[in-house]
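Below is data.txt, holding compact mmCIF, C-alpha atoms and all ligand atoms.
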```txt
# COMPACT_ATOMS: atom_id res chain seq x y z
CA TRP X 1 -25.62 115.86 -118.76
CA GLY X 2 -22.42 117.19 -117.35
CA LEU X 3 -20.74 115.67 -114.40
CA ALA X 4 -21.77 117.56 -111.30
CA ALA X 5 -18.74 119.62 -110.53
CA GLY X 6 -17.56 118.46 -107.13
CA PRO X 7 -16.13 120.94 -104.66
CA ALA X 8 -13.07 122.53 -106.22
CA ALA X 9 -10.29 120.17 -105.18
CA ALA X 10 -8.40 122.10 -102.56
CA GLN X 11 -5.28 123.29 -104.34
CA PRO X 12 -2.06 122.15 -102.64
CA PHE X 13 -0.60 124.95 -100.48
CA PRO X 14 1.13 127.07 -101.63
CA ALA X 15 -0.41 127.52 -105.07
CA ARG X 16 0.86 131.10 -105.54
CA PRO X 17 3.34 133.63 -104.06
CA ILE X 18 3.21 134.41 -100.32
CA THR X 19 3.61 137.91 -98.81
CA VAL X 20 5.39 138.46 -95.48
CA ILE X 21 4.69 141.86 -93.90
CA VAL X 22 7.56 143.54 -92.05
CA PRO X 23 6.01 146.06 -89.61
CA PHE X 24 8.99 148.43 -89.89
CA ALA X 25 10.66 150.39 -92.71
CA ALA X 26 12.97 148.68 -95.18
CA GLY X 27 16.67 148.47 -94.35
CA GLY X 28 16.23 147.85 -90.61
CA PRO X 29 16.94 144.72 -88.56
CA THR X 30 13.47 143.16 -88.91
CA ASP X 31 13.61 143.70 -92.67
CA THR X 32 17.10 142.12 -92.82
CA VAL X 33 16.01 139.00 -90.92
CA THR X 34 12.79 138.67 -92.93
CA ARG X 35 14.44 138.90 -96.35
CA LEU X 36 16.89 136.12 -95.42
CA VAL X 37 14.09 133.90 -94.04
CA ALA X 38 11.70 134.65 -96.94
CA GLU X 39 14.25 133.67 -99.58
CA ALA X 40 15.09 130.39 -97.84
CA MET X 41 11.42 129.53 -97.12
CA GLY X 42 10.60 130.17 -100.77
CA ARG X 43 13.12 127.52 -101.81
CA ASP X 44 11.44 124.95 -99.54
CA LEU X 45 7.89 125.94 -100.51
CA GLY X 46 8.61 126.16 -104.24
CA THR X 47 7.06 129.63 -104.52
CA THR X 48 8.12 133.26 -104.25
CA VAL X 49 7.90 134.77 -100.77
CA VAL X 50 7.54 138.54 -101.19
CA VAL X 51 8.55 140.95 -98.39
CA GLU X 52 6.39 144.04 -97.91
CA ASN X 53 7.21 146.83 -95.42
CA ALA X 54 4.34 148.41 -93.45
CA GLY X 55 5.95 150.60 -90.76
CA GLY X 56 4.55 152.88 -88.08
CA ALA X 57 3.36 152.98 -84.46
CA GLY X 58 6.02 150.63 -83.13
CA GLY X 59 5.02 147.82 -85.48
CA THR X 60 1.27 147.84 -84.72
CA ILE X 61 0.33 149.22 -88.17
CA GLY X 62 1.85 146.19 -89.90
CA ALA X 63 0.50 143.77 -87.29
CA GLN X 64 -3.03 145.17 -87.79
CA LYS X 65 -2.75 144.73 -91.56
CA VAL X 66 -2.00 141.02 -91.13
CA ALA X 67 -4.61 140.47 -88.39
CA GLN X 68 -7.20 141.82 -90.85
CA SER X 69 -5.97 139.77 -93.86
CA ARG X 70 -7.57 136.60 -95.28
CA PRO X 71 -6.57 133.60 -93.08
CA ASP X 72 -5.33 131.55 -96.07
CA GLY X 73 -1.59 131.42 -95.40
CA TYR X 74 -0.72 133.88 -98.19
CA THR X 75 -0.26 136.90 -95.89
CA LEU X 76 2.13 136.47 -92.96
CA LEU X 77 3.78 138.72 -90.36
CA LEU X 78 7.39 138.54 -89.20
CA HIS X 79 7.59 140.61 -86.02
CA HIS X 80 9.62 140.72 -82.82
CA ILE X 81 9.32 141.34 -79.07
CA GLY X 82 6.87 144.13 -79.91
CA MET X 83 4.20 141.40 -80.13
CA ALA X 84 4.72 140.79 -76.40
CA THR X 85 4.64 144.47 -75.37
CA ALA X 86 1.90 145.94 -77.62
CA PRO X 87 -0.93 144.17 -75.69
CA THR X 88 0.08 146.24 -72.60
CA LEU X 89 1.49 149.40 -74.24
CA TYR X 90 -1.43 149.98 -76.64
CA ARG X 91 -4.81 150.12 -74.88
CA ARG X 92 -6.99 151.03 -77.90
CA LEU X 93 -5.88 148.88 -80.85
CA ALA X 94 -8.25 148.27 -83.79
CA TYR X 95 -7.28 144.60 -83.75
CA ASP X 96 -6.79 141.87 -81.12
CA PRO X 97 -3.00 141.91 -80.52
CA VAL X 98 -3.07 138.32 -79.24
CA GLY X 99 -6.27 136.68 -80.48
CA GLY X 100 -5.80 138.04 -84.01
CA PHE X 101 -2.96 135.64 -84.91
CA GLU X 102 -1.89 132.04 -85.36
CA THR X 103 1.74 131.35 -84.48
CA ILE X 104 3.99 129.53 -86.97
CA GLY X 105 7.32 129.48 -85.14
CA LEU X 106 10.10 131.49 -83.50
CA VAL X 107 12.91 132.63 -85.81
CA THR X 108 15.88 134.19 -83.99
CA GLU X 109 16.85 136.06 -80.83
CA VAL X 110 19.03 139.11 -81.59
CA PRO X 111 21.39 140.97 -79.23
CA MET X 112 21.22 144.76 -78.96
CA THR X 113 24.01 147.34 -78.87
CA LEU X 114 24.06 150.85 -77.42
CA VAL X 115 25.53 152.96 -80.24
CA ALA X 116 26.26 156.67 -80.72
CA ARG X 117 27.25 159.03 -83.51
CA LYS X 118 31.00 158.66 -84.08
CA ASP X 119 31.96 161.97 -82.40
CA PHE X 120 29.80 161.47 -79.29
CA PRO X 121 31.85 162.74 -76.29
CA ALA X 122 32.33 159.35 -74.56
CA ASN X 123 34.31 156.17 -75.15
CA THR X 124 32.94 153.81 -72.50
CA LEU X 125 29.47 153.00 -71.15
CA ALA X 126 30.35 154.74 -67.87
CA GLU X 127 31.38 157.90 -69.75
CA ALA X 128 28.23 157.72 -71.91
CA ILE X 129 26.06 157.44 -68.78
CA ALA X 130 27.77 160.51 -67.33
CA VAL X 131 27.00 162.47 -70.52
CA ILE X 132 23.35 161.26 -70.48
CA ARG X 133 22.94 162.27 -66.83
CA LYS X 134 24.47 165.69 -67.56
CA GLN X 135 22.80 166.56 -70.87
CA LYS X 136 19.42 164.70 -70.41
CA GLU X 137 16.79 166.14 -72.85
CA ARG X 138 19.49 167.95 -74.82
CA LEU X 139 20.39 164.51 -76.20
CA ASN X 140 18.35 162.97 -79.04
CA TYR X 141 17.67 159.23 -78.67
CA ALA X 142 16.39 157.56 -81.86
CA ASN X 143 13.87 154.73 -81.87
CA ALA X 144 11.25 153.11 -84.14
CA GLY X 145 8.17 154.14 -82.17
CA ILE X 146 6.55 153.02 -78.92
CA GLY X 147 6.78 149.23 -78.63
CA ALA X 148 9.78 148.94 -80.93
CA ALA X 149 12.81 147.07 -79.59
CA SER X 150 14.77 150.33 -79.75
CA HIS X 151 12.05 151.94 -77.58
CA LEU X 152 12.13 149.14 -74.97
CA CYS X 153 15.92 149.18 -74.83
CA GLY X 154 15.82 152.95 -74.38
CA LEU X 155 13.25 152.55 -71.58
CA LEU X 156 15.57 150.11 -69.77
CA LEU X 157 18.56 152.46 -70.28
CA MET X 158 16.83 155.65 -69.13
CA THR X 159 15.32 153.83 -66.14
CA ALA X 160 18.71 152.33 -65.20
CA VAL X 161 20.56 155.67 -65.44
CA ASP X 162 17.55 157.65 -64.17
CA ALA X 163 17.88 160.31 -66.88
CA PRO X 164 15.36 160.98 -69.69
CA MET X 165 16.53 161.94 -73.17
CA THR X 166 14.52 163.46 -76.03
CA THR X 167 13.10 160.58 -78.09
CA VAL X 168 13.03 160.90 -81.90
CA PRO X 169 10.77 158.21 -83.46
CA PHE X 170 11.25 156.80 -86.99
CA ARG X 171 9.32 154.18 -89.02
CA GLY X 172 12.18 151.79 -88.40
CA THR X 173 15.79 151.80 -87.24
CA GLY X 174 16.88 151.60 -90.87
CA PRO X 175 15.97 155.27 -91.42
CA ALA X 176 17.08 156.10 -87.85
CA MET X 177 20.53 154.69 -88.62
CA GLN X 178 20.96 157.21 -91.45
CA GLU X 179 20.33 160.07 -88.99
CA LEU X 180 22.79 158.58 -86.48
CA LEU X 181 25.49 158.17 -89.13
CA SER X 182 24.98 161.80 -90.17
CA GLY X 183 25.23 162.93 -86.54
CA ARG X 184 21.72 164.42 -86.49
CA VAL X 185 20.78 162.17 -83.54
CA ASP X 186 23.09 161.21 -80.69
CA LEU X 187 22.29 157.71 -79.43
CA MET X 188 20.29 154.59 -80.27
CA CYS X 189 19.94 151.09 -78.93
CA ASP X 190 19.56 148.78 -81.90
CA GLN X 191 19.95 145.16 -82.89
CA THR X 192 23.30 143.76 -84.03
CA THR X 193 21.63 142.83 -87.35
CA ASN X 194 21.63 146.58 -88.06
CA THR X 195 24.72 147.81 -86.20
CA THR X 196 27.48 145.16 -86.57
CA GLU X 197 28.76 146.33 -89.95
CA GLN X 198 28.58 150.04 -89.00
CA ILE X 199 30.48 149.33 -85.77
CA ASN X 200 33.15 147.24 -87.50
CA SER X 201 33.64 149.99 -90.13
CA GLY X 202 34.13 152.62 -87.39
CA ALA X 203 31.12 154.63 -88.55
CA LEU X 204 29.55 154.46 -85.07
CA LYS X 205 30.65 154.36 -81.45
CA VAL X 206 29.44 151.39 -79.38
CA PHE X 207 29.38 151.10 -75.58
CA SER X 208 28.01 147.63 -74.79
CA VAL X 209 26.07 144.63 -75.97
CA THR X 210 22.87 143.88 -74.03
CA THR X 211 23.47 140.13 -73.69
CA LYS X 212 24.83 138.06 -70.82
CA GLU X 213 27.71 136.81 -73.01
CA ARG X 214 29.77 138.77 -75.53
CA VAL X 215 28.68 138.60 -79.19
CA ALA X 216 31.07 136.56 -81.38
CA ALA X 217 30.75 139.01 -84.28
CA LEU X 218 31.68 141.89 -81.89
CA PRO X 219 34.30 140.20 -79.65
CA SER X 220 35.85 143.38 -78.23
CA ILE X 221 32.54 144.95 -77.10
CA PRO X 222 31.84 144.47 -73.36
CA THR X 223 28.51 143.23 -72.09
CA SER X 224 26.45 145.74 -70.10
CA ALA X 225 27.31 143.84 -66.92
CA GLU X 226 31.06 143.98 -67.67
CA ALA X 227 30.66 147.71 -68.40
CA GLY X 228 28.97 148.29 -65.02
CA LEU X 229 25.24 148.33 -65.88
CA PRO X 230 23.92 144.76 -65.38
CA ALA X 231 20.26 145.92 -65.48
CA PHE X 232 20.76 146.94 -69.12
CA GLU X 233 20.03 143.52 -70.63
CA VAL X 234 17.50 142.69 -73.38
CA THR X 235 17.41 140.49 -76.49
CA VAL X 236 14.95 140.77 -79.37
CA TRP X 237 13.14 137.57 -80.28
CA HIS X 238 11.38 137.33 -83.66
CA GLY X 239 8.44 135.13 -84.68
CA LEU X 240 6.35 134.33 -87.74
CA TYR X 241 2.54 134.70 -87.61
CA ALA X 242 -0.56 134.18 -89.79
CA PRO X 243 -4.04 135.67 -89.29
CA LYS X 244 -6.31 133.88 -86.79
CA GLY X 245 -8.28 131.13 -88.50
CA THR X 246 -5.51 130.08 -90.90
CA PRO X 247 -5.94 126.26 -91.21
CA ALA X 248 -3.61 124.15 -89.06
CA GLU X 249 -2.35 122.18 -92.08
CA VAL X 250 -1.25 125.49 -93.60
CA THR X 251 0.53 126.76 -90.47
CA GLN X 252 2.19 123.33 -90.06
CA ARG X 253 3.43 123.43 -93.69
CA LEU X 254 4.74 126.97 -93.14
CA SER X 255 6.46 125.83 -89.93
CA GLN X 256 8.19 123.02 -91.85
CA ALA X 257 9.41 125.60 -94.40
CA LEU X 258 10.58 127.90 -91.59
CA GLN X 259 12.51 125.04 -89.96
CA ALA X 260 14.11 124.22 -93.33
CA ALA X 261 15.05 127.90 -93.78
CA LEU X 262 16.67 127.97 -90.33
CA ARG X 263 18.86 124.99 -91.35
CA ASP X 264 19.93 126.67 -94.61
CA PRO X 265 23.75 127.12 -94.42
CA ARG X 266 23.67 130.47 -96.22
CA LEU X 267 21.12 131.89 -93.78
CA VAL X 268 23.01 130.50 -90.75
CA ALA X 269 26.29 132.02 -91.98
CA ARG X 270 24.71 135.44 -92.66
CA PHE X 271 22.97 135.44 -89.24
CA ALA X 272 26.37 134.73 -87.61
CA GLU X 273 28.03 137.64 -89.46
CA LEU X 274 25.24 139.85 -88.07
CA GLY X 275 25.71 138.70 -84.48
CA THR X 276 22.80 136.30 -84.22
CA ALA X 277 21.69 132.69 -84.86
CA PRO X 278 18.48 130.79 -85.72
CA VAL X 279 16.44 129.41 -82.82
CA ALA X 280 16.58 125.65 -82.15
CA GLN X 281 14.36 123.71 -84.55
CA ALA X 282 11.97 122.72 -81.74
CA MET X 283 11.22 126.42 -81.12
CA ALA X 284 10.23 127.02 -84.76
CA THR X 285 6.84 125.33 -84.22
CA PRO X 286 3.41 126.91 -83.69
CA GLU X 287 3.05 125.40 -80.20
CA ALA X 288 6.50 126.42 -78.87
CA HIS X 289 6.16 129.91 -80.34
CA HIS X 290 2.69 130.39 -78.80
CA LYS X 291 3.84 129.38 -75.31
CA PHE X 292 6.97 131.56 -75.50
CA TRP X 293 4.87 134.52 -76.69
CA LEU X 294 2.24 134.31 -73.92
CA ASP X 295 5.00 133.92 -71.29
CA ASP X 296 6.74 137.05 -72.62
CA ILE X 297 3.49 139.07 -72.58
CA ALA X 298 3.15 138.17 -68.89
CA LYS X 299 6.82 139.06 -68.23
CA TRP X 300 6.66 142.56 -69.81
CA LYS X 301 3.19 143.54 -68.48
CA PRO X 302 4.32 144.52 -64.91
CA ILE X 303 7.51 146.17 -66.24
CA ILE X 304 5.51 148.40 -68.58
CA GLN X 305 2.82 149.11 -65.96
CA ALA X 306 5.53 150.10 -63.44
CA ALA X 307 7.03 152.52 -66.00
CA GLY X 308 3.53 153.90 -66.54
CA GLN X 309 4.34 154.84 -70.14
CA TYR X 310 1.59 153.81 -72.57
CA ALA X 311 1.25 154.45 -76.29
CA ASP X 312 -2.33 155.75 -76.13
C1 LIG V 1 13.36 147.64 -87.28
O1 LIG V 1 13.33 146.61 -87.94
O2 LIG V 1 13.32 148.79 -87.75
C2 LIG V 1 13.49 147.51 -85.81
O3 LIG V 1 13.01 146.25 -85.39
C3 LIG V 1 12.79 148.61 -85.12
C4 LIG V 1 12.84 148.36 -83.65
O4 LIG V 1 12.13 147.46 -83.21
O5 LIG V 1 13.61 149.04 -82.97
```

Have the structure of the file written as C-alpha cells, please.
Amino acid sequence: WGLAAGPAAAQPFPARPITVIVPFAAGGPTDTVTRLVAEAMGRDLGTTVVVENAGGAGGTIGAQKVAQSRPDGYTLLLHHIGMATAPTLYRRLAYDPVGGFETIGLVTEVPMTLVARKDFPANTLAEAIAVIRKQKERLNYANAGIGAASHLCGLLLMTAVDAPMTTVPFRGTGPAMQELLSGRVDLMCDQTTNTTEQINSGALKVFSVTTKERVAALPSIPTSAEAGLPAFEVTVWHGLYAPKGTPAEVTQRLSQALQAALRDPRLVARFAELGTAPVAQAMATPEAHHKFWLDDIAKWKPIIQAAGQYAD
C-alpha cells in the first residue's frame, strides 16, 4: 500500500522564470524601465525575469494579454499612466481595465520632453508654438497610439495651443523615435527615458520638460512654465500588475522583489542618467499602488470627457 499522495506541496514561489509584458514595442521608454526592473527583481527572486513586448492600441493589447493570463504570478504587466486613462478612453475593451488586475507596486514617475527633428524651424517653445499654430495639420506629431503617454501629452499640447496636428501612431515611441531622428515626422512628446541621450547628443531639438522643476539630467532645458506654457505639465507614472486572482502571498513576494530592485544602486544610477528616479519604497506596495491608480483614473476621466476624444 502506497502512502496516499497528499496535495502536491505548494512549490515555493517563484519555482520557474517569470514573464513581464511590456505593452509597447521594444526600445521605447516602458521597455527601458522594464528591462532594468526585471533584471534587478530577478536577482532578488533567484529566477530569470523575461521581458516580452506586446504593443498596439495605446498599450491595451498588452494589458489584455495579462488580464487574460493565469493568475499565478508568472505573467506580469509593467505599464504606465495608460492604465488610468484606458478605462475612460476605451469604451469597448475585451477585458476589465480595472477589475482585471492585482496591483504589485508603483515603479517610477518619468518626466516628458517636447522634442522635434533637428532641423525643425524653431529654437524655443514659443517659436515652436507659433509654427504649430501656423502649419497645423501640415505637421506630423508622432505617438504610440490612443492612451499612450505620448498621446496624452500631445492632447495637452494641442489643447493648450489650440491647434491640431496630424497624428502618426506607432506601436511604441521606440519606433517613433527612429522616424523623428530621420526627419520623417516633425514633433513628439516623449519620456526622458527615451529622449535624454538623443537630446544630449544633439540629434533632436527640445523645447521644454513637462515637470514643475527642471530635470537634473537635462539642466539647461526650461520647464513648460518657464517657457511660457504652464498648462503643459504631465509626468508618466509606471506600475507593476498581475492578473486578478493572483494570490496575495505571491503579489506580496513580488512587491518585496520590486522594492529590492528599486534600492539596487545600478538601477538607481541608470534611472538618474535617464532623468528619472524610483518611487519611494512605501509606494512600491500593492495597497499604495491601488489607491494611486484609482485616484488617477478619477483625475483623468473629466479631462478626457471634456476633450471628447475616445479610442472607440
Ligand atoms: C513606450 O514605451 O513606447 C511609450 O510608453 C509609449 C507611450 O506611452 O508614449

Students should find that atom CA of X:Ala160 and atom CA of X:Gly172 are spaced 24.1 Å

Could you check the closest approach to X:Asp31 for each of X:Arg171, X:Arg70, X:Lys136, X:Arg253 and tell me which residue wins, using only C-alpha atoms?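 Among X:Arg171, X:Arg70, X:Lys136, X:Arg253, it is X:Arg171 that comes nearest to X:Asp31.
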
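If you count only C-alpha atoms and ignore residues fewer than 6 places along the chain from X:Phe120, what sits within 12 Å of it is X:Glu127, X:Ala128, X:Ile129, X:Val131, X:Ile132, X:Leu139, X:Asn140, X:Leu180, X:Leu181, X:Ser182, X:Gly183, X:Arg184, X:Val185, X:Asp186, X:Leu187, X:Met188, X:Ala203, X:Leu204, X:Lys205, X:Val206, X:Phe207.
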
Would you give me, as JSON lines, each residue of chain X having an atom within 7 Å of an atom of ligand LIG 1 (chain V), along with its shortest atom pair and that distance in Å to one decimal, using all atoms listed in the file and sorting by chain and residue number?
```
{"residue": "X:Phe24", "atom": "CA", "partner": "V:LIG1", "partner_atom": "O2", "distance": 4.8}
{"residue": "X:Ala25", "atom": "CA", "partner": "V:LIG1", "partner_atom": "O2", "distance": 5.9}
{"residue": "X:Gly28", "atom": "CA", "partner": "V:LIG1", "partner_atom": "O1", "distance": 4.1}
{"residue": "X:Pro29", "atom": "CA", "partner": "V:LIG1", "partner_atom": "O1", "distance": 4.1}
{"residue": "X:Thr30", "atom": "CA", "partner": "V:LIG1", "partner_atom": "O1", "distance": 3.6}
{"residue": "X:Asp31", "atom": "CA", "partner": "V:LIG1", "partner_atom": "O1", "distance": 5.6}
{"residue": "X:Gly58", "atom": "CA", "partner": "V:LIG1", "partner_atom": "O4", "distance": 6.9}
{"residue": "X:His80", "atom": "CA", "partner": "V:LIG1", "partner_atom": "O3", "distance": 7.0}
{"residue": "X:Asn143", "atom": "CA", "partner": "V:LIG1", "partner_atom": "O5", "distance": 5.8}
{"residue": "X:Ala144", "atom": "CA", "partner": "V:LIG1", "partner_atom": "O5", "distance": 4.8}
{"residue": "X:Ala148", "atom": "CA", "partner": "V:LIG1", "partner_atom": "O4", "distance": 3.6}
{"residue": "X:Ala149", "atom": "CA", "partner": "V:LIG1", "partner_atom": "O4", "distance": 3.7}
{"residue": "X:Ser150", "atom": "CA", "partner": "V:LIG1", "partner_atom": "O5", "distance": 3.7}
{"residue": "X:His151", "atom": "CA", "partner": "V:LIG1", "partner_atom": "O5", "distance": 6.3}
{"residue": "X:Arg171", "atom": "CA", "partner": "V:LIG1", "partner_atom": "O2", "distance": 6.8}
{"residue": "X:Gly172", "atom": "CA", "partner": "V:LIG1", "partner_atom": "O2", "distance": 3.3}
{"residue": "X:Thr173", "atom": "CA", "partner": "V:LIG1", "partner_atom": "O2", "distance": 3.9}
{"residue": "X:Gly174", "atom": "CA", "partner": "V:LIG1", "partner_atom": "O2", "distance": 5.5}
{"residue": "X:Asp190", "atom": "CA", "partner": "V:LIG1", "partner_atom": "O5", "distance": 6.1}
```

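Of the residues listed (X:Thr103, X:Thr47, X:Thr88, X:Gln178), X:Thr103 shows the shortest atom-to-atom separation from X:His238; distances use all atoms listed in the file.
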
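With atom CA of X:Val115 on one side and atom CA of X:Cys189 on the other, the separation reads 6.0 Å.
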
**OP:** Could you tell me which of X:Thr19, X:Thr211, X:Thr223, X:Asn200 comes closest to X:Glu39 if we count only C-alpha atoms?
**Re:**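 Under the stated criterion, the closest residue is X:Thr19.
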
Check your understanding: Got a sec to check which residues sit within 10 Å of (12.6, 134.3, -89.3), counting all atoms listed in the file, and write them as a PyMOL selection string?
Key -> chain X and resi 30+32-38+40-41+77-80+105-109+237-240+258-259+261-262+267+278-279+284

Exercise for the section: Mind checking which residues fall within 9 Å of X:Arg133, counting all atoms listed in the file, ignoring those fewer than 6 positions away in the same chain, and posting them as a count of residues only? Expected result: 4

Given 3 Å on each side, where is the centre and what are the edge lengths in Å to one decimal of the axis-aligned box enclosing the listed atoms of stretch 237-248 of chain X, as JSON?
```
{"center_x": 2.4, "center_y": 130.9, "center_z": -85.7, "size_x": 27.4, "size_y": 19.4, "size_z": 16.9}
```

| Between X:Ala231, X:Ile104, X:Leu114, X:Ala216, which one has atoms that come closest to X:Thr159, using only C-alpha atoms? |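 Nearest to X:Thr159: X:Ala231.
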
Handout entry: Using all atoms listed in the file: which of X:Val98, X:Ala116, X:Ala269, X:Ala227 has the shortest distance to X:Arg214
Key =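 Closest to X:Arg214 of all the choices is X:Ala227.
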
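Put simply, atom CA of X:Leu254 is 28.1 Å away from atom CA of X:Met112.
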
Residue nearest X:Pro111 - candidates X:Leu229, X:Val250, X:Cys153, X:Leu93, atoms counted: all atoms listed in the file
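Residue with the minimum atom-to-atom distance to X:Pro111: X:Cys153.
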